[in-house]
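Structure, as structure tokens:
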Amino acid sequence: MTVNGRLQSFLLGHDFAATQTLADVLRERLGLTGLKIACDEGACGACTVIMDGRAVLSCMILAVEAAGHEVLTIEGLAGDDPVVKAFACQCEPGHGTALQCGFCTPGAVMTAKAFLDENPDPTLDEVKEALAGNLCRCGCYQGIAQAVLAAARGRAGT
Ligand code: FES
Ligand code: FES
């Protein structure tokens with residue numbers, strides 16, 4: 001599989017077992033610990049990465065299923081990626097910040113990036129629907145939604 005632009009070769013049964021998830025392999029074999037494993041059952045979005053352009057829950061995909069595919073993790077984004085910047089800078093009065101503890105943030109950023117690639121000029125309702133699967137125990141939902149809208153403006157250069 002290609003991970004963040006680099007080809008990674010594994011030997012099934014040696015490097016990882018057929019039952020291991022993509023989340024496990026990305027974290028434990030490649031040290032890409034940005035994605036988090038929280039629920040480990042597809043219910044929280046913390047493990048979201050982008051595979052072939054689509055946001056996917058890496059805890060719900062077997063690593064072997066990623067063979068031949070392109071995977072992008074939060075580590076593969078540039079530091080000045082508009083989505084990363086928007087999450088970091090969000091402090092709109094009345095909406096709060098887009099993150100507190102930061103545990104959910106990599107997953108939310110990756111969901112937002114894949115969403116904005118498909119829908120570069122979303123409405124607030126569309127943002128809320130797109131991010132509905134990313135749970136934030138700190139309750140930063142309003143700030144996250146504002147950050148995604150700001151990221152859309154940043155990407156458009158407006
Ligand atoms: S850890 Fe994958 S969805 Fe929660
Ligand atoms: S910022 Fe803490 S869980 Fe979202």
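Starting from 1 in every chain, residues are counted up; chains themselves are A, B, ... following the order of the structure tokens, and ligands are numbered from 1 as listed.
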
I want to know what sits within 9 Å of Ala43 in chain A, based on only C-alpha atoms, with residues of the same chain fewer than 2 positions away left out; could you give that as an MDAnalysis selection string? chainID A and resid 38:41 45:46 57 133:135

Could you write out that same residue set with N, CA and C atoms as a JSON list (two decimals), in the first residue's frame?
[["chain", "number", "residue", "atom", "x", "y", "z"],
["A", 38, "ALA", "N", -10.31, 4.78, 19.47],
["A", 38, "ALA", "CA", -11.11, 5.07, 20.67],
["A", 38, "ALA", "C", -12.15, 3.98, 20.88],
["A", 39, "CYS", "N", -13.16, 3.93, 20.01],
["A", 39, "CYS", "CA", -14.20, 2.90, 20.19],
["A", 39, "CYS", "C", -13.77, 1.57, 19.59],
["A", 40, "ASP", "N", -12.98, 1.61, 18.52],
["A", 40, "ASP", "CA", -12.54, 0.41, 17.81],
["A", 40, "ASP", "C", -13.71, -0.39, 17.25],
["A", 41, "GLU", "N", -14.82, 0.28, 17.01],
["A", 41, "GLU", "CA", -15.97, -0.43, 16.42],
["A", 41, "GLU", "C", -16.76, 0.47, 15.47],
["A", 45, "GLY", "N", -15.21, 7.89, 14.82],
["A", 45, "GLY", "CA", -14.49, 8.69, 13.82],
["A", 45, "GLY", "C", -13.06, 9.05, 14.18],
["A", 46, "ALA", "N", -12.60, 8.67, 15.37],
["A", 46, "ALA", "CA", -11.25, 9.08, 15.79],
["A", 46, "ALA", "C", -10.15, 8.48, 14.92],
["A", 57, "LEU", "N", -13.01, 4.72, 8.07],
["A", 57, "LEU", "CA", -12.72, 4.40, 9.47],
["A", 57, "LEU", "C", -11.70, 3.27, 9.47],
["A", 133, "GLY", "N", -20.35, 11.92, 12.09],
["A", 133, "GLY", "CA", -19.77, 10.67, 12.59],
["A", 133, "GLY", "C", -18.52, 10.85, 13.42],
["A", 134, "ASN", "N", -18.09, 12.09, 13.59],
["A", 134, "ASN", "CA", -16.86, 12.35, 14.37],
["A", 134, "ASN", "C", -17.27, 12.89, 15.73],
["A", 135, "LEU", "N", -17.16, 12.04, 16.74],
["A", 135, "LEU", "CA", -17.57, 12.45, 18.08],
["A", 135, "LEU", "C", -16.44, 13.22, 18.77]]

Tell me, which residues of chain A carry DSSP alpha helix (DSSP H), written as a PyMOL selection string? chain A and resi 22-24+82-89+105-118+124-130+141-156

- Query: Which chains and residue numbers are within 12 Å of ligand 1, counting only C-alpha atoms and all ligand atoms, if I want them as number ranges by chain?
  - Reply: A: 21-24, 35-49, 55-62, 103-104, 106-108, 111, 132-136

Would you mind telling me which residue in A:Leu72, A:Gln20, A:Ile50, A:Asp15 lies nearest to Thr2 in chain A when using only C-alpha atoms?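 Selected residue with least distance to Thr2 in chain A: A:Leu72.
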
Task: Residue contacts of Gly5 in chain A (10 Å, only C-alpha atoms) excluding same-chain residues fewer than 3 positions away, as a PyMOL selection string - done: chain A and resi 1-2+8+70-72+76

Would you mind exporting C-alpha atoms of the selected residues as an mmCIF file, in the first residue's frame?
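again-v1.cif was written with the following content:
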data_model
loop_
_atom_site.group_PDB
_atom_site.id
_atom_site.type_symbol
_atom_site.label_atom_id
_atom_site.label_comp_id
_atom_site.auth_asym_id
_atom_site.auth_seq_id
_atom_site.Cartn_x
_atom_site.Cartn_y
_atom_site.Cartn_z
ATOM 1 C CA MET A 1 0.000 0.000 0.000
ATOM 2 C CA THR A 2 1.032 3.602 -0.445
ATOM 3 C CA GLN A 8 5.044 0.381 2.073
ATOM 4 C CA GLU A 70 -3.425 4.914 -1.353
ATOM 5 C CA VAL A 71 -3.761 5.897 2.282
ATOM 6 C CA LEU A 72 -3.368 9.404 3.630
ATOM 7 C CA GLY A 76 0.717 13.301 5.351
#

Q) Between A:Cys89, A:Val148, A:Ala18, A:Leu11, which has the minimum distance to Thr123 in chain A (counting only C-alpha atoms)? A)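 Going through A:Cys89, A:Val148, A:Ala18, A:Leu11 one by one, the smallest distance to Thr123 in chain A is for A:Val148.
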
- Task: Could the residues that lie within 8 Å of ligand 2, counting only C-alpha atoms and all ligand atoms, be listed as JSON, numbers by chain?
- Result: {"A": [98, 99, 100, 101, 102, 103, 104, 105, 135, 136, 137, 138, 139, 140]}

Please, could you write that set of residues out with N, CA and C atoms as a compact mmCIF listing (two decimals), in the first residue's frame?
# COMPACT_ATOMS: atom_id res chain seq x y z
N ALA A 98 -11.97 24.83 17.98
CA ALA A 98 -12.28 23.59 17.27
C ALA A 98 -11.69 22.38 17.99
N LEU A 99 -10.93 22.63 19.04
CA LEU A 99 -10.37 21.50 19.78
C LEU A 99 -10.02 21.93 21.21
N GLN A 100 -10.10 20.96 22.09
CA GLN A 100 -9.64 21.17 23.46
C GLN A 100 -8.53 20.15 23.74
N CYS A 101 -8.92 18.90 24.02
CA CYS A 101 -7.87 17.90 24.29
C CYS A 101 -7.17 17.47 23.00
N GLY A 102 -7.85 17.60 21.86
CA GLY A 102 -7.25 17.26 20.58
C GLY A 102 -7.36 15.80 20.18
N PHE A 103 -7.96 14.98 21.04
CA PHE A 103 -7.99 13.54 20.74
C PHE A 103 -8.78 13.23 19.46
N CYS A 104 -9.86 13.95 19.26
CA CYS A 104 -10.71 13.68 18.08
C CYS A 104 -10.22 14.42 16.84
N THR A 105 -9.29 15.36 17.03
CA THR A 105 -8.97 16.33 15.97
C THR A 105 -8.43 15.70 14.68
N LEU A 135 -17.16 12.04 16.74
CA LEU A 135 -17.57 12.45 18.08
C LEU A 135 -16.44 13.22 18.77
N CYS A 136 -16.85 14.22 19.54
CA CYS A 136 -15.89 15.03 20.29
C CYS A 136 -16.37 15.10 21.73
N ARG A 137 -15.66 14.44 22.61
CA ARG A 137 -16.10 14.41 24.00
C ARG A 137 -15.96 15.77 24.68
N CYS A 138 -15.10 16.61 24.11
CA CYS A 138 -14.96 17.97 24.66
C CYS A 138 -16.10 18.87 24.19
N GLY A 139 -16.87 18.41 23.25
CA GLY A 139 -18.05 19.18 22.82
C GLY A 139 -17.73 20.39 21.98
N CYS A 140 -16.72 20.28 21.12
CA CYS A 140 -16.30 21.43 20.30
C CYS A 140 -17.05 21.52 18.97

Original post:
Which one of A:Leu131, A:Leu77, A:Leu12, A:Ala17 sits closest to Gly34 in chain A if you count only C-alpha atoms?
Top reply: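 Checking each of A:Leu131, A:Leu77, A:Leu12, A:Ala17 against Gly34 in chain A, counting only C-alpha atoms, the winner is A:Leu77.
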
| request: Excluding Ala150 in chain A and residues on its chain fewer than 3 positions from it, collect all residues at most 6 Å away from it, counting only C-alpha atoms, and give them as number ranges by chain. | output: A: 86, 147, 153

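Excluding Lys85 in chain A and any residue on its chain fewer than 6 positions from it, the residues at most 9 Å away by only C-alpha atoms are Gly79, Ala147, Ala151 and Gly154 of chain A.
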
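With only C-alpha atoms as the atoms that count, the minimum distance from Arg155 in chain A to the choices A:Pro120, A:Pro93, A:Gly143, A:Gly53 is reached by A:Pro120.
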
Shortest contact to Leu26 in chain A, candidates A:Met51, A:Phe10, A:Ala63, A:Gln146, atoms counted only C-alpha atoms, goes to A:Ala63
